[in-house]
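Each remark here refers to the structure printed beneath this line.
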Amino acid sequence: MLEVRDLIKAGKTTALILTGGIEENGPYLTTGKHNNVLRAMGDPIARALGNALIAPIVTLEPGNPERVRMPGAVLLSPDTFKAVVSDMAVSLKTQGFKHIVLLGDNGGNVRPLGEVAEALNTKWKAAGIDARAYSIPEYYNYGEVEQFEQSALGIHEKMEGLHDDYYISAIIAVHDPNGVRMPERMKAGKFAINGVSLAPIEKTVENGRKIIAFRTEKTVTAIKKAMDAAKSAP
């Protein structure tokens, strides 16, 4: 608590709210795939911004709890998800953060985050509150990531129809190889995804770091652009 207090006073007035999910993520990944990705992505984004701290990850995603398709998935209703993110943002604003950045690693999170940011900004502006929320859809750029891994890393995946990709596994491996079930898959002879081997793990981790750096640059650029646009807005 004292560290957060002092960091805010020292100018770290940007807070990152990272949202992931618990869902079916292919047969070889933990159900917390998106949360593991965020644990790898949050730190470099905050450090690149220079004045940011990371709030606790929102580990559950929006959806219909009555329509859970796969074992292991846990969903929040869309209204509950937005209420959780909104309350977190208000909590951060109240303690002194001026810029609340909302990032969604799950495709279903992007639109609700935009709605939360819009609602908060309307309310805060009307009340004369010196704080702003930013939804950054550019963070969810897996299409660009796929192009990056082809052009920069020379990796070409042949989709197997599984809810997994080499680039996702590579990012997770940077955080924790157990997130991709490395020992179990090596024992079963299935340490590959979409026709691309994940062995040696050191090479996969190296590629994961490059992908993280690519996504970090794209995200930080988008955040700074959003903040500059907010400064010039009436």
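By order of appearance in the structure tokens: chains A, B, ..., then residues from 1 within every chain, and ligands from 1 in the order shown.
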Determine, for each residue of region 87-106 of chain A having at least one atom at most 7 Å from an atom of region 15-29 of chain A, the closest pair of atoms and their separation in Å to one decimal, counting only C-alpha atoms; order by chain and ascending number, as a tab-separated table.
```
residue	atom	partner	partner_atom	distance
A:Phe97	CA	A:Ala15	CA	6.5
A:His99	CA	A:Ala15	CA	6.3
A:Ile100	CA	A:Ala15	CA	5.0
A:Val101	CA	A:Leu16	CA	4.8
A:Leu102	CA	A:Ile17	CA	5.0
A:Leu103	CA	A:Leu18	CA	5.0
A:Gly104	CA	A:Thr19	CA	4.8
A:Asp105	CA	A:Gly20	CA	5.4
A:Asn106	CA	A:Gly20	CA	5.7
```
Fill in: Long-range neighbours of Ala173 (chain A) as a PyMOL selection string, 10 Å cut-off, only C-alpha atoms, 2 positions minimum in chain
chain A and resi 36-37+40+167-171+175-182+198+201-202+204-209
Please save N, CA, C and O atoms of the selected residues as a compact mmCIF listing (two decimals), in the first residue's frame.
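To be explicit, this is the file written out as out39.txt:
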```
# COMPACT_ATOMS: atom_id res chain seq x y z
N ASN A 36 -2.50 -15.99 -18.67
CA ASN A 36 -1.06 -16.23 -18.74
C ASN A 36 -0.40 -15.31 -19.77
O ASN A 36 0.72 -14.82 -19.55
N VAL A 37 -1.09 -15.07 -20.89
CA VAL A 37 -0.57 -14.13 -21.88
C VAL A 37 -0.43 -12.74 -21.26
O VAL A 37 0.58 -12.05 -21.44
N ALA A 40 2.53 -12.13 -19.15
CA ALA A 40 3.75 -11.88 -19.93
C ALA A 40 3.72 -10.51 -20.58
O ALA A 40 4.77 -9.87 -20.74
N TYR A 167 2.05 -18.77 -31.78
CA TYR A 167 2.40 -17.50 -31.15
C TYR A 167 1.81 -17.38 -29.75
O TYR A 167 2.43 -16.80 -28.87
N ILE A 168 0.63 -17.95 -29.53
CA ILE A 168 0.05 -17.95 -28.18
C ILE A 168 0.90 -18.80 -27.25
O ILE A 168 1.26 -18.38 -26.13
N SER A 169 1.25 -20.00 -27.70
CA SER A 169 2.06 -20.89 -26.86
C SER A 169 3.42 -20.28 -26.59
O SER A 169 3.98 -20.43 -25.48
N ALA A 170 3.99 -19.58 -27.57
CA ALA A 170 5.31 -18.96 -27.37
C ALA A 170 5.25 -17.86 -26.32
O ALA A 170 6.15 -17.75 -25.47
N ILE A 171 4.20 -17.04 -26.35
CA ILE A 171 4.06 -15.98 -25.34
C ILE A 171 3.90 -16.61 -23.96
O ILE A 171 4.54 -16.18 -22.99
N HIS A 175 6.22 -16.80 -19.89
CA HIS A 175 5.75 -16.69 -18.50
C HIS A 175 5.95 -17.99 -17.74
O HIS A 175 6.48 -17.99 -16.63
N ASP A 176 5.54 -19.12 -18.35
CA ASP A 176 5.60 -20.40 -17.65
C ASP A 176 5.38 -21.54 -18.65
O ASP A 176 4.27 -21.72 -19.15
N PRO A 177 6.42 -22.32 -18.96
CA PRO A 177 6.26 -23.45 -19.88
C PRO A 177 5.19 -24.45 -19.44
O PRO A 177 4.62 -25.15 -20.28
N ASN A 178 4.91 -24.50 -18.14
CA ASN A 178 3.85 -25.41 -17.70
C ASN A 178 2.49 -24.97 -18.20
O ASN A 178 1.55 -25.76 -18.23
N GLY A 179 2.38 -23.69 -18.60
CA GLY A 179 1.12 -23.22 -19.16
C GLY A 179 0.79 -23.85 -20.49
O GLY A 179 -0.37 -23.83 -20.93
N VAL A 180 1.80 -24.40 -21.16
CA VAL A 180 1.57 -25.13 -22.41
C VAL A 180 1.76 -26.64 -22.19
O VAL A 180 1.85 -27.39 -23.15
N ARG A 181 1.81 -27.03 -20.92
CA ARG A 181 1.91 -28.45 -20.56
C ARG A 181 3.11 -29.14 -21.23
O ARG A 181 2.99 -30.22 -21.82
N MET A 182 4.27 -28.51 -21.12
CA MET A 182 5.45 -29.02 -21.82
C MET A 182 5.81 -30.45 -21.44
O MET A 182 5.95 -31.30 -22.33
N LEU A 198 7.35 -27.00 -30.83
CA LEU A 198 7.67 -26.07 -29.75
C LEU A 198 9.04 -26.38 -29.13
O LEU A 198 9.47 -25.70 -28.21
N ILE A 201 12.48 -25.72 -26.33
CA ILE A 201 11.68 -24.70 -25.64
C ILE A 201 12.41 -23.37 -25.58
O ILE A 201 11.79 -22.29 -25.59
N GLU A 202 13.75 -23.41 -25.54
CA GLU A 202 14.52 -22.16 -25.49
C GLU A 202 14.26 -21.31 -26.73
O GLU A 202 14.18 -20.07 -26.63
N THR A 204 11.52 -21.43 -28.60
CA THR A 204 10.14 -20.96 -28.51
C THR A 204 10.04 -19.75 -27.58
O THR A 204 9.34 -18.78 -27.88
N VAL A 205 10.75 -19.81 -26.45
CA VAL A 205 10.75 -18.68 -25.52
C VAL A 205 11.38 -17.46 -26.17
O VAL A 205 10.88 -16.32 -26.02
N GLU A 206 12.46 -17.66 -26.92
CA GLU A 206 13.10 -16.54 -27.63
C GLU A 206 12.12 -15.89 -28.61
O GLU A 206 12.01 -14.66 -28.68
N ASN A 207 11.40 -16.73 -29.37
CA ASN A 207 10.40 -16.19 -30.29
C ASN A 207 9.27 -15.51 -29.53
O ASN A 207 8.74 -14.49 -29.98
N GLY A 208 8.90 -16.09 -28.40
CA GLY A 208 7.86 -15.48 -27.58
C GLY A 208 8.24 -14.08 -27.14
O GLY A 208 7.40 -13.16 -27.15
N ARG A 209 9.48 -13.89 -26.77
CA ARG A 209 9.94 -12.56 -26.35
C ARG A 209 9.88 -11.57 -27.52
O ARG A 209 9.55 -10.39 -27.33
```
Item to complete: Check region 5-205 of chain A with DSSP on the backbone and list each residue it calls strand (DSSP E or B), as JSON, numbers by chain.
Response: {"A": [14, 15, 16, 17, 18, 19, 22, 52, 53, 54, 58, 61, 62, 74, 75, 76, 99, 100, 101, 102, 103, 104, 132, 133, 134, 135, 192, 193, 196, 197]}
Hey, can you spit out that residue selection with N, CA, C and O atoms as a compact mmCIF listing (two decimals), in the first residue's frame?
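This went into selection_29.txt:
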```
# COMPACT_ATOMS: atom_id res chain seq x y z
N THR A 14 -0.76 6.36 -14.36
CA THR A 14 -1.46 5.53 -15.35
C THR A 14 -1.62 4.13 -14.79
O THR A 14 -0.66 3.56 -14.26
N ALA A 15 -2.83 3.59 -14.89
CA ALA A 15 -3.10 2.23 -14.41
C ALA A 15 -3.60 1.38 -15.56
O ALA A 15 -4.41 1.83 -16.38
N LEU A 16 -3.11 0.16 -15.63
CA LEU A 16 -3.54 -0.79 -16.66
C LEU A 16 -4.50 -1.80 -16.06
O LEU A 16 -4.17 -2.47 -15.08
N ILE A 17 -5.69 -1.90 -16.63
CA ILE A 17 -6.62 -2.96 -16.27
C ILE A 17 -6.59 -3.99 -17.40
O ILE A 17 -7.01 -3.71 -18.53
N LEU A 18 -6.06 -5.16 -17.12
CA LEU A 18 -5.90 -6.22 -18.11
C LEU A 18 -7.01 -7.25 -17.92
O LEU A 18 -7.24 -7.73 -16.81
N THR A 19 -7.69 -7.62 -19.01
CA THR A 19 -8.80 -8.57 -18.91
C THR A 19 -8.54 -9.79 -19.77
O THR A 19 -8.18 -9.68 -20.94
N ILE A 22 -11.31 -17.38 -18.57
CA ILE A 22 -11.13 -18.80 -18.26
C ILE A 22 -12.04 -19.56 -19.21
O ILE A 22 -13.27 -19.46 -19.13
N ALA A 52 3.35 3.78 -15.49
CA ALA A 52 2.16 2.94 -15.32
C ALA A 52 2.36 1.84 -14.30
O ALA A 52 3.46 1.30 -14.15
N LEU A 53 1.28 1.50 -13.62
CA LEU A 53 1.20 0.35 -12.74
C LEU A 53 0.10 -0.57 -13.24
O LEU A 53 -0.82 -0.13 -13.94
N ILE A 54 0.19 -1.84 -12.86
CA ILE A 54 -0.77 -2.84 -13.34
C ILE A 54 -1.73 -3.22 -12.22
O ILE A 54 -1.31 -3.62 -11.13
N VAL A 58 -8.26 -9.04 -14.49
CA VAL A 58 -9.65 -9.53 -14.48
C VAL A 58 -9.63 -10.88 -15.19
O VAL A 58 -9.52 -10.96 -16.42
N GLU A 61 -14.17 -13.69 -18.23
CA GLU A 61 -14.62 -12.99 -19.43
C GLU A 61 -16.15 -12.91 -19.47
O GLU A 61 -16.84 -13.65 -18.77
N PRO A 62 -16.68 -12.01 -20.31
CA PRO A 62 -18.14 -11.92 -20.44
C PRO A 62 -18.71 -13.02 -21.33
O PRO A 62 -18.06 -13.50 -22.25
N VAL A 74 -15.55 -20.49 -17.16
CA VAL A 74 -16.29 -19.74 -16.15
C VAL A 74 -16.58 -18.36 -16.74
O VAL A 74 -15.64 -17.65 -17.14
N LEU A 75 -17.84 -17.98 -16.82
CA LEU A 75 -18.22 -16.75 -17.48
C LEU A 75 -18.94 -15.79 -16.53
O LEU A 75 -19.61 -16.21 -15.59
N LEU A 76 -18.79 -14.51 -16.81
CA LEU A 76 -19.58 -13.48 -16.16
C LEU A 76 -20.59 -12.96 -17.17
O LEU A 76 -20.28 -12.85 -18.36
N HIS A 99 -5.09 8.23 -15.59
CA HIS A 99 -5.29 7.56 -16.88
C HIS A 99 -5.52 6.07 -16.62
O HIS A 99 -4.61 5.38 -16.14
N ILE A 100 -6.71 5.58 -16.95
CA ILE A 100 -7.06 4.17 -16.73
C ILE A 100 -7.14 3.50 -18.09
O ILE A 100 -8.04 3.79 -18.89
N VAL A 101 -6.22 2.59 -18.37
CA VAL A 101 -6.12 1.95 -19.67
C VAL A 101 -6.72 0.54 -19.60
O VAL A 101 -6.33 -0.27 -18.75
N LEU A 102 -7.67 0.26 -20.51
CA LEU A 102 -8.37 -1.03 -20.52
C LEU A 102 -7.87 -1.86 -21.70
O LEU A 102 -7.99 -1.45 -22.86
N LEU A 103 -7.33 -3.04 -21.41
CA LEU A 103 -6.80 -3.92 -22.45
C LEU A 103 -7.47 -5.28 -22.35
O LEU A 103 -7.55 -5.87 -21.27
N GLY A 104 -7.95 -5.80 -23.48
CA GLY A 104 -8.60 -7.10 -23.49
C GLY A 104 -7.84 -8.09 -24.35
O GLY A 104 -7.61 -7.84 -25.54
N ARG A 132 -9.39 9.98 -16.95
CA ARG A 132 -9.95 9.48 -18.21
C ARG A 132 -9.66 7.99 -18.35
O ARG A 132 -8.60 7.50 -17.93
N ALA A 133 -10.62 7.29 -18.96
CA ALA A 133 -10.46 5.87 -19.27
C ALA A 133 -10.21 5.71 -20.77
O ALA A 133 -10.79 6.44 -21.59
N TYR A 134 -9.36 4.76 -21.11
CA TYR A 134 -9.01 4.53 -22.52
C TYR A 134 -9.18 3.04 -22.83
O TYR A 134 -8.56 2.19 -22.21
N SER A 135 -10.03 2.74 -23.80
CA SER A 135 -10.11 1.38 -24.31
C SER A 135 -9.20 1.28 -25.52
O SER A 135 -9.28 2.11 -26.44
N ALA A 192 3.92 -29.92 -30.26
CA ALA A 192 3.84 -29.13 -31.49
C ALA A 192 2.42 -28.61 -31.62
O ALA A 192 1.48 -29.15 -31.02
N ILE A 193 2.25 -27.54 -32.40
CA ILE A 193 0.92 -27.00 -32.66
C ILE A 193 0.89 -26.48 -34.09
O ILE A 193 1.83 -25.82 -34.54
N VAL A 196 3.95 -26.89 -36.17
CA VAL A 196 5.19 -26.23 -35.76
C VAL A 196 5.63 -26.79 -34.41
O VAL A 196 4.88 -26.75 -33.43
N SER A 197 6.86 -27.29 -34.34
CA SER A 197 7.36 -27.83 -33.09
C SER A 197 7.65 -26.72 -32.09
O SER A 197 8.12 -25.65 -32.46
```
Discussion item. Which of region 51-204 of chain A end up as helix (DSSP H, G or I) when DSSP is run on this backbone - answer as a ChimeraX atom specification?
Written reply: /A:65-67,78-94,107-126,137-139,142-151,166-175,177-180,182-188,201-204
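In this structure, CA of Asp6 (chain A) sits 19.1 Å away from CA of Asp43 (chain A).
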Worksheet entry | Point-to-point distance in Å for CA of Asn64 (chain A) and CA of Ser77 (chain A) | 5.6 Å
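Counting from CA of Lys93 (chain A), the distance to CA of Val4 (chain A) is 13.2 Å.
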